[in-house]
Amino acid sequence: MAGVPGPGESRASAMAVEQDMFDAVVMADERFHGEGYQEGYEEGSSLGIVEGRQYGTLHGAKIGSEIGCYRGFALAWKCLLHSSTGEKDSRKMKVVEALIALLQHFPYGDPTYERLHEDLDRIRGKFRQLLQSSRTKMLRWQDLGSEMWACHACHILPWI
Amino acid sequence: MKDSLVLQSRVSAHPDSRCWFLAWNPTGTLLASCGGDRKIRIWGTEGDNWICKSVLSEGHQRTVRKVAWSPCGNYLASASFDATTCIWKKNQDDFECVTTLEGHENEVKSVAWAPSGNLLATCSRDKSVWVWEVDEEDEYECVSVLNSHTQDVKHVVWHPTQELLASASYDDTVKLYQEEGDDWVCCATLEGHESTVWSLAFDPSGQRLASCSDDRTVRIWRQYLPGNEQGVACSGSDPSWKCICTLSGFHTRTIYDVAWCQLTGALATACGDDAIRVFEEDPGSDPQQPTFSLTAHLHQAHSQDVNCVAWNPKEPGLLASCSDDGEVAFWEYHQTAGL
């Protein structure tokens, strides 16, 4: 007859209920382990995001400060060389303009830019080249934990 | 059948110090040596002996690591750990420092003149390679600062005929540079060595480049132009370089220098196991997969690490070597008939 559990079936379901109760006790260790891991993982992830953001901000500011210095330096030299003629000065001006162009093309807003480091190295190389040709020595100092850059002209230019 | 390397003469070039590098002038009559004693010495022959003709001592404040003669033979450039490169002008037996090139942030490791004589390259521990241009008034101007390497750059060398520059670095790679428009760019990176690449040498034709490394191997690289018949892939119009031969199992320590004789094609190596070795390409070997054989192996060529080997550009078989023991040795390399 359908719908009425037979003697064998009710014993099996009673056994199943018993097994569940023991499961809860026996598996408690593993269960807590799993829950703990899950909580830890979530907390770790959010801490990681916070740390990453802090690191990004600091690093971005450093690069910003460095590039800002190069930009100021290049623009200053652009003004200084603006009115001068002569072979040497026009060559120097070319280097200044090349540096300004590199700085303008740099995608400041995109930290995932694939050629970020390559382009930064090119900018740094161009800046060093300009530094060398303008006979300027570079000073560098730690200011309240952040790196600041400055340039000090050690040769007097004839027209200044 | 082993060819032989015979000692001709030995001089104590940089007493109580290391002798780092040697350079023959273009006519092969003078040898410049430089060392940890901050001096550069110019050696010449007087009869059968090598004597010191000049001492250049007021140029640098620290070790002089490399010296290089200009193609015309009238100038000598010296690279120093004091972060400067001096240019010396020769006036008979006297040398006068006419310019000091500054700009590198720390130790300058190498200097090399381009075959045209108008360009100079320097490289440094600051990971950069600088290209300088010299004009008719002997004024030097930096035309490019290349930041391609990620570590200390050990050596720079120019191609014998093209305006192509090669550099070797602690980052295990060799990089090649050429001028593109107004600027110099890195046009190829040669990967394969498993440790610092210490030195480079082009073969007489400039088609092949030898590199030596801390991984105890010498690698031979070949240039393949776009559209080459061997089917080697090139990107765009840039040539491609492929490693066509690796000499391994011959050296027991770091190989500090490799020199390719422009007259005979023999390859000499300077090793940290105090030995000098010479290799020759097997006659009839496939140009795309050449094989080289060891034709001379001189144990204890010096009492310490051999830092440099240099073939005389005019006298075939004349080889000079120098070592951490401060000595310079002159050798005659003979090819015995029949291999």
# chains A, B, ... in the order shown; residues from 1 in each chain; ligands from 1
>>> closest_atom_pairs(of="chain B", to="chain A", cutoff="7 Å", atoms="only C-alpha atoms", output="JSON lines")
{"residue": "B:Gly103", "atom": "CA", "partner": "A:Gln132", "partner_atom": "CA", "distance": 6.0}
{"residue": "B:Glu141", "atom": "CA", "partner": "A:Ser133", "partner_atom": "CA", "distance": 6.5}
{"residue": "B:Cys142", "atom": "CA", "partner": "A:Gln129", "partner_atom": "CA", "distance": 6.1}
{"residue": "B:Val143", "atom": "CA", "partner": "A:Gln129", "partner_atom": "CA", "distance": 6.8}
{"residue": "B:Ser144", "atom": "CA", "partner": "A:Gln129", "partner_atom": "CA", "distance": 6.2}
{"residue": "B:Val145", "atom": "CA", "partner": "A:Gly125", "partner_atom": "CA", "distance": 4.7}
{"residue": "B:Leu146", "atom": "CA", "partner": "A:Gly125", "partner_atom": "CA", "distance": 6.0}
{"residue": "B:Asn147", "atom": "CA", "partner": "A:Asp121", "partner_atom": "CA", "distance": 5.8}
>>> residues_around(residues="Asn228 (chain B)", least_positions_apart="3", cutoff="12 Å", atoms="only C-alpha atoms", output="VMD selection string")
chain B and resid 222 to 225 231 to 234 237 to 241 288
>>> select_by_dssp(residues="region 8-144 of chain A", states="helix (DSSP H, G or I)", output="ChimeraX atom specification")
/A:8-26,28-82,87-105,116-133
>>> closest_residue(among="B:Trp158, B:Tyr256, B:Phe81, B:Trp221", to="Trp113 (chain B)", atoms="only C-alpha atoms")
B:Trp158
>>> residues_around(residues="region 208-213 of chain B", least_positions_apart="2", cutoff="8 Å", atoms="only C-alpha atoms", output="list in words")
His193, Ser195, Thr196, Val197, Trp198, Ser199, Leu200, Ala201, Phe202, Asp203, Ser205, Gly206, Asp215, Arg216, Thr217, Val218, Arg219, Ile220, Trp221, Arg222, Gln223, Thr254, Ile255, Tyr256, Asp257, Val258 and Trp260 of chain B
>>> residues_around(residues="Phe73 (chain A)", least_positions_apart="5", cutoff="10 Å", atoms="only C-alpha atoms", output="list in words")
Ile67, Gly68, Lys78, Val96, Ile100, Phe127, Leu130, Leu131, Ala150 and Cys151 of chain A
>>> write_last_selection(atoms="N, CA and C atoms", output="PDB file, in the first residue's frame")
ATOM      1  N   ILE A  67      57.693  63.974 -11.161  1.00  0.00           N
ATOM      2  CA  ILE A  67      57.328  64.479 -12.488  1.00  0.00           C
ATOM      3  C   ILE A  67      57.078  65.976 -12.441  1.00  0.00           C
ATOM      4  N   GLY A  68      56.491  66.432 -11.350  1.00  0.00           N
ATOM      5  CA  GLY A  68      56.225  67.858 -11.199  1.00  0.00           C
ATOM      6  C   GLY A  68      57.511  68.654 -11.227  1.00  0.00           C
ATOM      7  N   LYS A  78      62.707  76.367 -20.732  1.00  0.00           N
ATOM      8  CA  LYS A  78      62.059  76.809 -21.972  1.00  0.00           C
ATOM      9  C   LYS A  78      62.012  78.339 -22.001  1.00  0.00           C
ATOM     10  N   VAL A  96      64.644  70.118 -24.286  1.00  0.00           N
ATOM     11  CA  VAL A  96      63.599  70.644 -23.395  1.00  0.00           C
ATOM     12  C   VAL A  96      62.230  70.302 -23.957  1.00  0.00           C
ATOM     13  N   ILE A 100      59.198  67.970 -22.457  1.00  0.00           N
ATOM     14  CA  ILE A 100      57.842  68.495 -22.234  1.00  0.00           C
ATOM     15  C   ILE A 100      56.824  67.616 -22.965  1.00  0.00           C
ATOM     16  N   PHE A 127      65.249  63.754 -18.709  1.00  0.00           N
ATOM     17  CA  PHE A 127      65.534  64.764 -17.694  1.00  0.00           C
ATOM     18  C   PHE A 127      67.024  64.787 -17.363  1.00  0.00           C
ATOM     19  N   LEU A 130      68.945  66.491 -20.016  1.00  0.00           N
ATOM     20  CA  LEU A 130      68.792  67.945 -19.939  1.00  0.00           C
ATOM     21  C   LEU A 130      69.633  68.496 -18.796  1.00  0.00           C
ATOM     22  N   LEU A 131      69.624  67.796 -17.697  1.00  0.00           N
ATOM     23  CA  LEU A 131      70.402  68.183 -16.524  1.00  0.00           C
ATOM     24  C   LEU A 131      71.883  68.276 -16.888  1.00  0.00           C
ATOM     25  N   ALA A 150      64.954  68.776  -5.847  1.00  0.00           N
ATOM     26  CA  ALA A 150      65.235  70.181  -6.168  1.00  0.00           C
ATOM     27  C   ALA A 150      66.467  70.247  -7.051  1.00  0.00           C
ATOM     28  N   CYS A 151      66.581  71.310  -7.751  1.00  0.00           N
ATOM     29  CA  CYS A 151      67.730  71.471  -8.629  1.00  0.00           C
ATOM     30  C   CYS A 151      68.495  72.731  -8.281  1.00  0.00           C
TER      31      CYS A 151
END
>>> residues_around(residues="Thr45 (chain B)", least_positions_apart="4", cutoff="10 Å", atoms="only C-alpha atoms", output="PDB file with all heavy atoms, in the first residue's frame")
ATOM      1  N   THR B  29     100.760  49.750 -31.179  1.00  0.00           N
ATOM      2  CA  THR B  29     102.096  50.021 -30.648  1.00  0.00           C
ATOM      3  C   THR B  29     102.085  50.323 -29.153  1.00  0.00           C
ATOM      4  O   THR B  29     103.116  50.218 -28.484  1.00  0.00           O
ATOM      5  CB  THR B  29     102.722  51.241 -31.364  1.00  0.00           C
ATOM      6  OG1 THR B  29     101.781  52.320 -31.285  1.00  0.00           O
ATOM      7  CG2 THR B  29     103.001  50.931 -32.827  1.00  0.00           C
ATOM      8  N   LEU B  30     100.940  50.726 -28.637  1.00  0.00           N
ATOM      9  CA  LEU B  30     100.853  51.059 -27.215  1.00  0.00           C
ATOM     10  C   LEU B  30      99.722  50.290 -26.545  1.00  0.00           C
ATOM     11  O   LEU B  30      98.703  50.005 -27.167  1.00  0.00           O
ATOM     12  CB  LEU B  30     100.556  52.558 -27.035  1.00  0.00           C
ATOM     13  CG  LEU B  30     101.573  53.554 -27.566  1.00  0.00           C
ATOM     14  CD1 LEU B  30     101.017  54.965 -27.460  1.00  0.00           C
ATOM     15  CD2 LEU B  30     102.899  53.454 -26.807  1.00  0.00           C
ATOM     16  N   LEU B  31      99.945  49.969 -25.274  1.00  0.00           N
ATOM     17  CA  LEU B  31      98.909  49.292 -24.500  1.00  0.00           C
ATOM     18  C   LEU B  31      98.620  50.138 -23.277  1.00  0.00           C
ATOM     19  O   LEU B  31      99.537  50.518 -22.546  1.00  0.00           O
ATOM     20  CB  LEU B  31      99.410  47.910 -24.060  1.00  0.00           C
ATOM     21  CG  LEU B  31      98.405  47.075 -23.257  1.00  0.00           C
ATOM     22  CD1 LEU B  31      97.287  46.573 -24.153  1.00  0.00           C
ATOM     23  CD2 LEU B  31      99.093  45.903 -22.568  1.00  0.00           C
ATOM     24  N   ASN B  49     111.608  44.422 -24.661  1.00  0.00           N
ATOM     25  CA  ASN B  49     110.903  44.598 -23.397  1.00  0.00           C
ATOM     26  C   ASN B  49     109.749  45.563 -23.482  1.00  0.00           C
ATOM     27  O   ASN B  49     109.753  46.489 -24.294  1.00  0.00           O
ATOM     28  CB  ASN B  49     111.875  45.129 -22.329  1.00  0.00           C
ATOM     29  CG  ASN B  49     113.020  44.173 -22.109  1.00  0.00           C
ATOM     30  OD1 ASN B  49     112.827  42.963 -22.036  1.00  0.00           O
ATOM     31  ND2 ASN B  49     114.225  44.725 -22.037  1.00  0.00           N
ATOM     32  N   TRP B  50     108.800  45.342 -22.602  1.00  0.00           N
ATOM     33  CA  TRP B  50     107.672  46.269 -22.474  1.00  0.00           C
ATOM     34  C   TRP B  50     107.997  47.203 -21.322  1.00  0.00           C
ATOM     35  O   TRP B  50     108.272  46.760 -20.203  1.00  0.00           O
ATOM     36  CB  TRP B  50     106.384  45.491 -22.194  1.00  0.00           C
ATOM     37  CG  TRP B  50     105.901  44.776 -23.406  1.00  0.00           C
ATOM     38  CD1 TRP B  50     106.182  43.494 -23.767  1.00  0.00           C
ATOM     39  CD2 TRP B  50     105.087  45.329 -24.456  1.00  0.00           C
ATOM     40  NE1 TRP B  50     105.579  43.204 -24.980  1.00  0.00           N
ATOM     41  CE2 TRP B  50     104.917  44.306 -25.411  1.00  0.00           C
ATOM     42  CE3 TRP B  50     104.491  46.570 -24.683  1.00  0.00           C
ATOM     43  CZ2 TRP B  50     104.162  44.491 -26.586  1.00  0.00           C
ATOM     44  CZ3 TRP B  50     103.736  46.745 -25.841  1.00  0.00           C
ATOM     45  CH2 TRP B  50     103.582  45.709 -26.775  1.00  0.00           C
ATOM     46  N   ILE B  51     107.979  48.500 -21.621  1.00  0.00           N
ATOM     47  CA  ILE B  51     108.253  49.456 -20.549  1.00  0.00           C
ATOM     48  C   ILE B  51     107.123  50.463 -20.434  1.00  0.00           C
ATOM     49  O   ILE B  51     106.373  50.702 -21.382  1.00  0.00           O
ATOM     50  CB  ILE B  51     109.595  50.207 -20.788  1.00  0.00           C
ATOM     51  CG1 ILE B  51     109.551  50.917 -22.150  1.00  0.00           C
ATOM     52  CG2 ILE B  51     110.791  49.264 -20.704  1.00  0.00           C
ATOM     53  CD1 ILE B  51     110.262  52.226 -22.126  1.00  0.00           C
ATOM     54  N   CYS B  52     107.055  51.053 -19.251  1.00  0.00           N
ATOM     55  CA  CYS B  52     106.000  52.016 -18.995  1.00  0.00           C
ATOM     56  C   CYS B  52     106.423  53.377 -19.543  1.00  0.00           C
ATOM     57  O   CYS B  52     107.390  53.982 -19.082  1.00  0.00           O
ATOM     58  CB  CYS B  52     105.735  52.124 -17.490  1.00  0.00           C
ATOM     59  SG  CYS B  52     104.444  53.302 -17.109  1.00  0.00           S
ATOM     60  N   LYS B  53     105.698  53.877 -20.535  1.00  0.00           N
ATOM     61  CA  LYS B  53     106.083  55.142 -21.174  1.00  0.00           C
ATOM     62  C   LYS B  53     105.451  56.354 -20.507  1.00  0.00           C
ATOM     63  O   LYS B  53     106.001  57.443 -20.526  1.00  0.00           O
ATOM     64  CB  LYS B  53     105.669  55.120 -22.647  1.00  0.00           C
ATOM     65  CG  LYS B  53     106.341  54.015 -23.430  1.00  0.00           C
ATOM     66  CD  LYS B  53     106.494  54.347 -24.870  1.00  0.00           C
ATOM     67  CE  LYS B  53     107.848  53.929 -25.359  1.00  0.00           C
ATOM     68  NZ  LYS B  53     108.019  54.200 -26.770  1.00  0.00           N
TER      69      LYS B  53
END
>>> atom_distance(atom1="CA of Ala32 (chain B)", atom2="CA of Val131 (chain B)")
22.8 Å
>>> closest_residue(among="B:Ala310, B:Cys322, B:Cys86, B:Ala270", to="Gly28 (chain B)", atoms="only C-alpha atoms")
B:Ala310
>>> atom_distance(atom1="CA of Asp172 (chain B)", atom2="CA of Arg253 (chain B)")
16.2 Å
>>> atom_distance(atom1="CA of Ser54 (chain B)", atom2="CA of Phe95 (chain B)")
7.9 Å
>>> residues_around(residues="region 14-22 of chain B", least_positions_apart="3", cutoff="6 Å", atoms="only C-alpha atoms", output="list of chain:residue names")
B:Ala32, B:Ser33, B:Cys34, B:Gly35, B:Gly36, B:Asp37, B:Arg65, B:Lys66, B:Asn307, B:Cys308, B:Cys322, B:Ser323, B:Asp324, B:Asp325, B:Gly326
>>> write_last_selection(atoms="all heavy atoms", output="mmCIF file, in the first residue's frame")
data_model
loop_
_atom_site.group_PDB
_atom_site.id
_atom_site.type_symbol
_atom_site.label_atom_id
_atom_site.label_comp_id
_atom_site.auth_asym_id
_atom_site.auth_seq_id
_atom_site.Cartn_x
_atom_site.Cartn_y
_atom_site.Cartn_z
ATOM 1 N N ALA B 32 97.356 50.475 -23.067
ATOM 2 C CA ALA B 32 96.977 51.236 -21.880
ATOM 3 C C ALA B 32 96.447 50.250 -20.852
ATOM 4 O O ALA B 32 95.690 49.340 -21.193
ATOM 5 C CB ALA B 32 95.909 52.261 -22.231
ATOM 6 N N SER B 33 96.859 50.416 -19.592
ATOM 7 C CA SER B 33 96.328 49.567 -18.528
ATOM 8 C C SER B 33 95.782 50.484 -17.444
ATOM 9 O O SER B 33 96.251 51.611 -17.287
ATOM 10 C CB SER B 33 97.429 48.672 -17.952
ATOM 11 O OG SER B 33 98.340 49.444 -17.184
ATOM 12 N N CYS B 34 94.785 50.003 -16.702
ATOM 13 C CA CYS B 34 94.228 50.832 -15.640
ATOM 14 C C CYS B 34 93.936 49.947 -14.442
ATOM 15 O O CYS B 34 93.765 48.726 -14.586
ATOM 16 C CB CYS B 34 92.958 51.535 -16.104
ATOM 17 S SG CYS B 34 91.655 50.398 -16.560
ATOM 18 N N GLY B 35 93.884 50.559 -13.249
ATOM 19 C CA GLY B 35 93.722 49.694 -12.101
ATOM 20 C C GLY B 35 93.155 50.320 -10.858
ATOM 21 O O GLY B 35 92.722 51.480 -10.854
ATOM 22 N N GLY B 36 93.195 49.530 -9.795
ATOM 23 C CA GLY B 36 92.676 49.950 -8.509
ATOM 24 C C GLY B 36 93.534 51.012 -7.850
ATOM 25 O O GLY B 36 93.108 51.648 -6.888
ATOM 26 N N ASP B 37 94.721 51.243 -8.366
ATOM 27 C CA ASP B 37 95.589 52.277 -7.794
ATOM 28 C C ASP B 37 95.249 53.659 -8.383
ATOM 29 O O ASP B 37 95.997 54.613 -8.213
ATOM 30 C CB ASP B 37 97.073 51.938 -8.041
ATOM 31 C CG ASP B 37 97.411 51.808 -9.519
ATOM 32 O OD1 ASP B 37 96.503 51.977 -10.359
ATOM 33 O OD2 ASP B 37 98.578 51.535 -9.843
ATOM 34 N N ARG B 65 88.274 51.765 -14.031
ATOM 35 C CA ARG B 65 87.766 50.433 -14.364
ATOM 36 C C ARG B 65 88.002 50.025 -15.810
ATOM 37 O O ARG B 65 88.191 48.856 -16.109
ATOM 38 C CB ARG B 65 86.271 50.386 -14.041
ATOM 39 C CG ARG B 65 85.615 49.036 -14.204
ATOM 40 C CD ARG B 65 86.192 48.023 -13.277
ATOM 41 N NE ARG B 65 85.539 46.738 -13.379
ATOM 42 C CZ ARG B 65 85.848 45.782 -14.256
ATOM 43 N NH1 ARG B 65 86.801 45.989 -15.139
ATOM 44 N NH2 ARG B 65 85.194 44.644 -14.266
ATOM 45 N N LYS B 66 87.933 50.982 -16.726
ATOM 46 C CA LYS B 66 88.157 50.687 -18.145
ATOM 47 C C LYS B 66 88.819 51.877 -18.824
ATOM 48 O O LYS B 66 88.640 53.021 -18.418
ATOM 49 C CB LYS B 66 86.824 50.420 -18.859
ATOM 50 C CG LYS B 66 86.115 49.173 -18.407
ATOM 51 C CD LYS B 66 85.760 48.223 -19.526
ATOM 52 C CE LYS B 66 85.403 46.847 -18.998
ATOM 53 N NZ LYS B 66 84.082 46.759 -18.364
ATOM 54 N N ASN B 307 91.208 39.417 -15.399
ATOM 55 C CA ASN B 307 90.134 40.377 -15.606
ATOM 56 C C ASN B 307 89.908 40.769 -17.065
ATOM 57 O O ASN B 307 88.813 41.173 -17.428
ATOM 58 C CB ASN B 307 90.413 41.669 -14.819
ATOM 59 C CG ASN B 307 90.324 41.439 -13.331
ATOM 60 O OD1 ASN B 307 89.493 40.682 -12.855
ATOM 61 N ND2 ASN B 307 91.203 42.101 -12.583
ATOM 62 N N CYS B 308 90.968 40.709 -17.862
ATOM 63 C CA CYS B 308 90.851 41.197 -19.235
ATOM 64 C C CYS B 308 91.808 40.463 -20.153
ATOM 65 O O CYS B 308 92.912 40.077 -19.746
ATOM 66 C CB CYS B 308 91.166 42.695 -19.236
ATOM 67 S SG CYS B 308 91.144 43.455 -20.863
ATOM 68 N N CYS B 322 95.446 40.771 -18.115
ATOM 69 C CA CYS B 322 95.761 41.384 -16.834
ATOM 70 C C CYS B 322 94.910 40.754 -15.750
ATOM 71 O O CYS B 322 93.907 40.089 -16.030
ATOM 72 C CB CYS B 322 95.564 42.897 -16.873
ATOM 73 S SG CYS B 322 93.846 43.397 -16.962
ATOM 74 N N SER B 323 95.323 40.974 -14.510
ATOM 75 C CA SER B 323 94.728 40.219 -13.417
ATOM 76 C C SER B 323 94.593 41.009 -12.123
ATOM 77 O O SER B 323 95.167 42.080 -11.959
ATOM 78 C CB SER B 323 95.613 38.989 -13.197
ATOM 79 O OG SER B 323 95.381 38.397 -11.955
ATOM 80 N N ASP B 324 93.851 40.409 -11.183
ATOM 81 C CA ASP B 324 93.711 40.968 -9.840
ATOM 82 C C ASP B 324 95.068 41.013 -9.138
ATOM 83 O O ASP B 324 95.229 41.722 -8.142
ATOM 84 C CB ASP B 324 92.771 40.082 -9.004
ATOM 85 C CG ASP B 324 91.314 40.484 -9.181
ATOM 86 O OD1 ASP B 324 91.047 41.483 -9.877
ATOM 87 O OD2 ASP B 324 90.443 39.800 -8.612
ATOM 88 N N ASP B 325 96.040 40.254 -9.664
ATOM 89 C CA ASP B 325 97.369 40.260 -9.039
ATOM 90 C C ASP B 325 98.177 41.502 -9.461
ATOM 91 O O ASP B 325 99.333 41.645 -9.106
ATOM 92 C CB ASP B 325 98.142 38.955 -9.334
ATOM 93 C CG ASP B 325 98.447 38.747 -10.818
ATOM 94 O OD1 ASP B 325 98.284 39.695 -11.616
ATOM 95 O OD2 ASP B 325 98.845 37.631 -11.203
ATOM 96 N N GLY B 326 97.552 42.384 -10.259
ATOM 97 C CA GLY B 326 98.204 43.640 -10.631
ATOM 98 C C GLY B 326 99.153 43.523 -11.810
ATOM 99 O O GLY B 326 99.758 44.516 -12.227
#
>>> closest_residue(among="B:Ser148, B:Thr246, B:Asn118, B:Ser9", to="Cys72 (chain B)", atoms="only C-alpha atoms")
B:Asn118
